[in-house]
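Enquirer: This is the structure, below, for whatever I ask next.
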Amino acid sequence: MPTDASALDLILRADPVLLAIVRLSLIVSLSAVVCAAAIGIPLGALIALTNFRGRNAVIVVLNALMGLPPVVVGLVVYLLLSRSGPLGSLGILFTPGAMIIAQTILVAPIIAALARQTIEDLWAEYRDELHAMNVGPVRRVLTLISDARFSLVTALLAGFGRAAAEVGAVIIVGGNIDGFTRVMTTAIALETSKGNLPLAIGLGVILLTLVLIVNALAWGVRRAGERFAG
Amino acid sequence: MRAPATDLPLMLEDVSLLAREVTILDHVSLTFATGAPTMLVGPNGSGKSSLMRVAMGLVPPSRGRVTYGGRTDVPPTRRAIVFQRPVMLRRSAAGNLTYALAAAGMPRAERDAAAQELLDRVGLGALADRPARRMSGGEQQRLAIARALAKEPEILFLDEPTASLDPAATKATEDIIAGIAARGIKIVMATHDLGEARRLGGEIVLMNRGRIVEIADTQTFFTSPGTDAARRFVAGELLV
């Protein structure tokens with residue numbers, strides 16, 4: 001019967017299969033977070049700093065999208081990228097690219113909603129001073145994003161946590177193909193169903209450790225930032 | 001060659017400010033011209049802070065108009081304000097100043113030296129690298145004054161800059177304000193401290209319930225006020 005010791009053995013031996021899965025997981029999830037940040041932070045800033053009809057409704061929808069079910073996102077992306085879908089000609093279904101797209105859709109609302117709240121709070125604090133300093137709109141936005149950067153790290157972390165932990169979307173659009181689109185969460189699900197618990201446990205331990213390390217780094221960055229920037 | 005446009009005299013012409021049903025400023029007419037500091041005094045809620053925000057151009061009047069050297073809708077490039085609780089940007093003391101200098105249009109190469117000069121002017125030269133938000137209340141107030149000076153204003157509004165400071169910090173801040181006034185920058189300052197108004201002011205404006213009750217030079221205001229409300233205020237009675 002497999003034991004935790006054998007899972008540990010896989011990690012200590014730096015098992016190539018295990019490492020390949022971890023590597024692909026990181027590439028997919030980090031790429032998705034970068035793409036989602038590129039969309040979510042400007043979108044959050046835009047909503048935070050502009051007044052328009054239906055703004056409150058947009059905020060409610062954006063907040064609700066934080067809870068998007070991964071399998072639904074996976075299904076929608078699958079339909080878009082399948083051969084008969086509108087983006088089928090791209091030919092990227094069952095590739096890491098499709099997985100990045102699905103995770104970006106999952107993570108972008110989280111980053112946008114948290115960025116919106118963070119920037120809006122900071123704007124309430126800075127508004128009078130920036131107006132008095134005659135700071136123009138572009139510089140104003142850049143200032144708010146820059147000064148909120150340590151809080152925005154938390155938004156990125158939440159996004160990474162969501163991306164790294166989800167299985168429903170990537171298994172639908174990635175197909176869990178061995179050596180090509182298999183990531184930690186899909187591998188854990190598969191290996192558990194096959195009874196290969198050492199690999200599943202090993203991946204689980206690594207996943208938890210990675211999340212812990214990323215959070216610790218972000219916490220350290222935030223503390224250092226608060227110390228030096230106030 | 002045309003002379004550079006000036007914001008002075010800054011005139012409030014029959015200005016009223018309403019917030020829903022509440023009248024915050026009630027038909028205020030007032031002129032700020034070059035000269036000795038103008039001190040705005042009066043009880044809480046009398047409209048001192050609102051008057052400065054309207055004069056600064058941060059809040060549009062509900063009625064009446066504000067002119068700057070005879071012009072309207074002039075961006076705040078030659079006027080500055082220090083709020084009662086100034087907000088420090090999340091950067092060092094020097095970083096706050098280089099930011100303000102950049103906003104004022106100073107070339108990047110000149111900003112560091114100018115920031116250090118401003119810090120020296122307000123006695124914070126040794127604290128250039130300290131995170132602004134970790135400075136004491138008095139230091140933050142002085143840094144806010146330095147930041148306001150970054151745009152080389154013609155007129156500087158100060159909203160109770162010594163309200164929460166101890167006597168030593170109050171003295172340091174008052175000395176800085178007197179120095180700024182001596183350099184020809186028009187000071188308009190709200191205060192609850194009649195002693196401070198007497199020490200710094202050249203002109204006193206007493207406000208109550210959004211209206212101007214009395215305008216007089218400092219000597220006249222304290223020795224022979226022209227209205228009963230001013231007499232009671234100088235005597236320490238409460239204006240309600």
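Each chain in the structure tokens gets a letter, A, B and so on, in the order shown; residues start at 1 in every chain, and ligands are counted from 1 in the order they appear.
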Taking the DSSP secondary structure from the backbone, can you list the residues of region 35-171 of chain B that are alpha helix (DSSP H), as a PyMOL selection string?
Expert: chain B and resi 48-56+93-103+108-121+137-149+167-171
Enquirer: Do me a favour and pick out the residues of chain A within 8 Å of chain B, using only C-alpha atoms, as a PyMOL selection string.
Expert: chain A and resi 125-126+128-129+131-135+147+227-230
Enquirer: Could you state the separation of CA of Leu25 (chain B) and CA of Ser50 (chain B) in Å, given to one decimal place?
Expert: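 Result for CA of Leu25 (chain B) versus CA of Ser50 (chain B): 7.4 Å, one decimal.
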Enquirer: Would you please give, as a short mmCIF file (atom, residue, chain, number, x, y, z; two decimals) with C-alpha atoms, in the first residue's frame, all residues of region 99-206 of chain B that DSSP assigns to strand (DSSP E or B) based on the backbone?
Expert:
```cif
data_model
loop_
_atom_site.label_atom_id
_atom_site.label_comp_id
_atom_site.auth_asym_id
_atom_site.auth_seq_id
_atom_site.Cartn_x
_atom_site.Cartn_y
_atom_site.Cartn_z
CA PRO B 131 8.60 57.09 4.94
CA ILE B 155 -1.43 82.08 -2.38
CA LEU B 156 -1.33 79.30 0.21
CA PHE B 157 -4.43 78.10 2.10
CA LEU B 158 -3.77 76.48 5.47
CA ASP B 159 -6.62 74.67 7.19
CA LYS B 186 -0.27 85.30 0.46
CA ILE B 187 -1.32 83.18 3.44
CA VAL B 188 -4.98 82.42 4.12
CA MET B 189 -5.27 80.36 7.28
CA ALA B 190 -8.15 78.95 9.28
CA GLU B 203 -6.29 90.67 8.66
CA ILE B 204 -8.99 88.73 10.52
CA VAL B 205 -12.15 87.37 8.92
CA LEU B 206 -14.75 86.19 11.45
#
```
Enquirer: Using only C-alpha atoms, can you tell me which of B:Thr98, B:Thr34, B:Asn44, B:Thr170 comes closest to Arg209 (chain B)?
Expert: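 That would be B:Asn44, the residue with the smallest distance to Arg209 (chain B).
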Enquirer: For Gly42 (chain B), work out the shell of residues within 7 Å, counting only C-alpha atoms and skipping chain neighbours fewer than 5 positions away, then give it as a list in words.
Expert: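 Within the cut-off, the hits are His192, Leu206, Met207 and Asn208 of chain B.
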Enquirer: Next, dump the selected residues to file, keeping only N, CA and C atoms, as a compact mmCIF listing (two decimals), in the first residue's frame.
Expert:
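Wrote it out as selection_36.txt, contents follow:
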```txt
# COMPACT_ATOMS: atom_id res chain seq x y z
N HIS B 192 -8.60 78.09 15.11
CA HIS B 192 -9.48 78.28 16.26
C HIS B 192 -8.76 79.04 17.36
N LEU B 206 -13.94 86.99 10.52
CA LEU B 206 -14.75 86.19 11.45
C LEU B 206 -15.95 85.64 10.69
N MET B 207 -16.11 84.33 10.77
CA MET B 207 -17.24 83.69 10.09
C MET B 207 -18.15 83.02 11.11
N ASN B 208 -19.43 82.97 10.78
CA ASN B 208 -20.38 82.23 11.61
C ASN B 208 -21.55 81.79 10.72
```
Enquirer: Mind checking which residues fall within 10 Å of Gly137 (chain B), counting only C-alpha atoms, ignoring those fewer than 6 positions away in the same chain, and posting them as a list of chain:residue names?
Expert: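 With the cut-off at 10 Å, the set is B:Arg85, B:Pro86, B:Leu143, B:Thr162, B:Ser164, B:Leu165, B:Asp166, B:Ala169.
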Enquirer: Could the residues in this selection be saved with C-alpha atoms as a PDB file, in the first residue's frame?
Expert:
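And here's out.pdb as it stands now:
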```
ATOM      1  CA  ARG B  85      -5.196  66.255   8.087  1.00  0.00           C
ATOM      2  CA  PRO B  86      -2.825  66.155   5.129  1.00  0.00           C
ATOM      3  CA  LEU B 143       6.119  68.193   5.012  1.00  0.00           C
ATOM      4  CA  THR B 162      -1.553  73.529  14.155  1.00  0.00           C
ATOM      5  CA  SER B 164      -3.435  68.873  16.794  1.00  0.00           C
ATOM      6  CA  LEU B 165       0.124  69.908  17.536  1.00  0.00           C
ATOM      7  CA  ASP B 166       1.888  70.436  20.850  1.00  0.00           C
ATOM      8  CA  ALA B 169       5.467  71.815  17.049  1.00  0.00           C
TER       9      ALA B 169
END
```
Enquirer: Mind checking which residues fall within 9 Å of Ala113 (chain A), counting only C-alpha atoms, ignoring those fewer than 6 positions away in the same chain, and posting them as a PyMOL selection string?
Expert: chain A and resi 40-41+43-44+59+62-63+65-66+155
Enquirer: What does the distance from CA of Val122 (chain B) to CA of Ala109 (chain B) come to in Å, to one decimal?
Expert: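 If I compute the distance from CA of Val122 (chain B) to CA of Ala109 (chain B), I get 22.1 Å.
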Enquirer: If we count only C-alpha atoms, what is near region 202-215 of chain A at a cut-off of 12 Å, once residues fewer than 6 positions away on the same chain are taken out, given as a PyMOL selection string?
Expert: chain A and resi 2-15+17-23+25-26+29-30+153-166+182-192+196+221-222
Enquirer: Write to file, as a tab-separated table (two decimals), in the first residue's frame, the residues of the selection just made, with C-alpha atoms.
Expert:
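part-v7.tsv was written with the following content:
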```tsv
chain	number	residue	atom	x	y	z
A	2	PRO	CA	1.39	3.41	-0.89
A	3	THR	CA	2.53	5.54	2.00
A	4	ASP	CA	3.50	9.15	2.61
A	5	ALA	CA	7.13	8.00	2.66
A	6	SER	CA	6.92	6.90	-0.96
A	7	ALA	CA	5.35	10.23	-1.90
A	8	LEU	CA	8.23	11.94	-0.15
A	9	ASP	CA	10.60	9.67	-2.03
A	10	LEU	CA	9.20	10.90	-5.35
A	11	ILE	CA	9.78	14.48	-4.29
A	12	LEU	CA	13.29	13.85	-2.94
A	13	ARG	CA	14.28	11.90	-6.06
A	14	ALA	CA	13.02	14.84	-8.16
A	15	ASP	CA	10.97	12.40	-10.20
A	17	VAL	CA	7.28	13.04	-14.33
A	18	LEU	CA	6.46	14.90	-11.15
A	19	LEU	CA	8.73	17.81	-12.08
A	20	ALA	CA	7.23	18.09	-15.58
A	21	ILE	CA	3.74	18.31	-14.11
A	22	VAL	CA	4.81	20.92	-11.56
A	23	ARG	CA	6.61	22.92	-14.23
A	25	SER	CA	1.28	23.88	-13.67
A	26	LEU	CA	3.41	26.87	-12.77
A	29	SER	CA	-1.14	29.40	-13.66
A	30	LEU	CA	1.49	32.16	-13.59
A	153	VAL	CA	-0.12	41.89	-4.55
A	154	THR	CA	-2.87	40.39	-2.40
A	155	ALA	CA	-5.22	40.47	-5.39
A	156	LEU	CA	-2.63	38.70	-7.53
A	157	LEU	CA	-2.16	36.13	-4.80
A	158	ALA	CA	-5.87	35.44	-4.64
A	159	GLY	CA	-5.81	35.01	-8.40
A	160	PHE	CA	-2.86	32.64	-8.27
A	161	GLY	CA	-4.52	30.62	-5.55
A	162	ARG	CA	-7.64	30.30	-7.65
A	163	ALA	CA	-5.69	29.33	-10.78
A	164	ALA	CA	-3.38	26.85	-9.10
A	165	ALA	CA	-6.17	25.08	-7.23
A	166	GLU	CA	-8.84	24.76	-9.91
A	182	ARG	CA	-1.31	17.38	-17.38
A	183	VAL	CA	-1.03	19.75	-14.42
A	184	MET	CA	-0.95	19.13	-10.69
A	185	THR	CA	-4.67	19.29	-10.01
A	186	THR	CA	-5.72	17.15	-12.97
A	187	ALA	CA	-2.92	14.68	-12.21
A	188	ILE	CA	-4.00	14.44	-8.58
A	189	ALA	CA	-7.58	13.69	-9.68
A	190	LEU	CA	-6.44	11.09	-12.21
A	191	GLU	CA	-3.83	9.36	-10.05
A	192	THR	CA	-6.23	9.16	-7.13
A	196	ASN	CA	-1.60	5.76	-7.50
A	221	VAL	CA	7.20	41.96	-0.22
A	222	ARG	CA	4.26	43.72	1.39
```
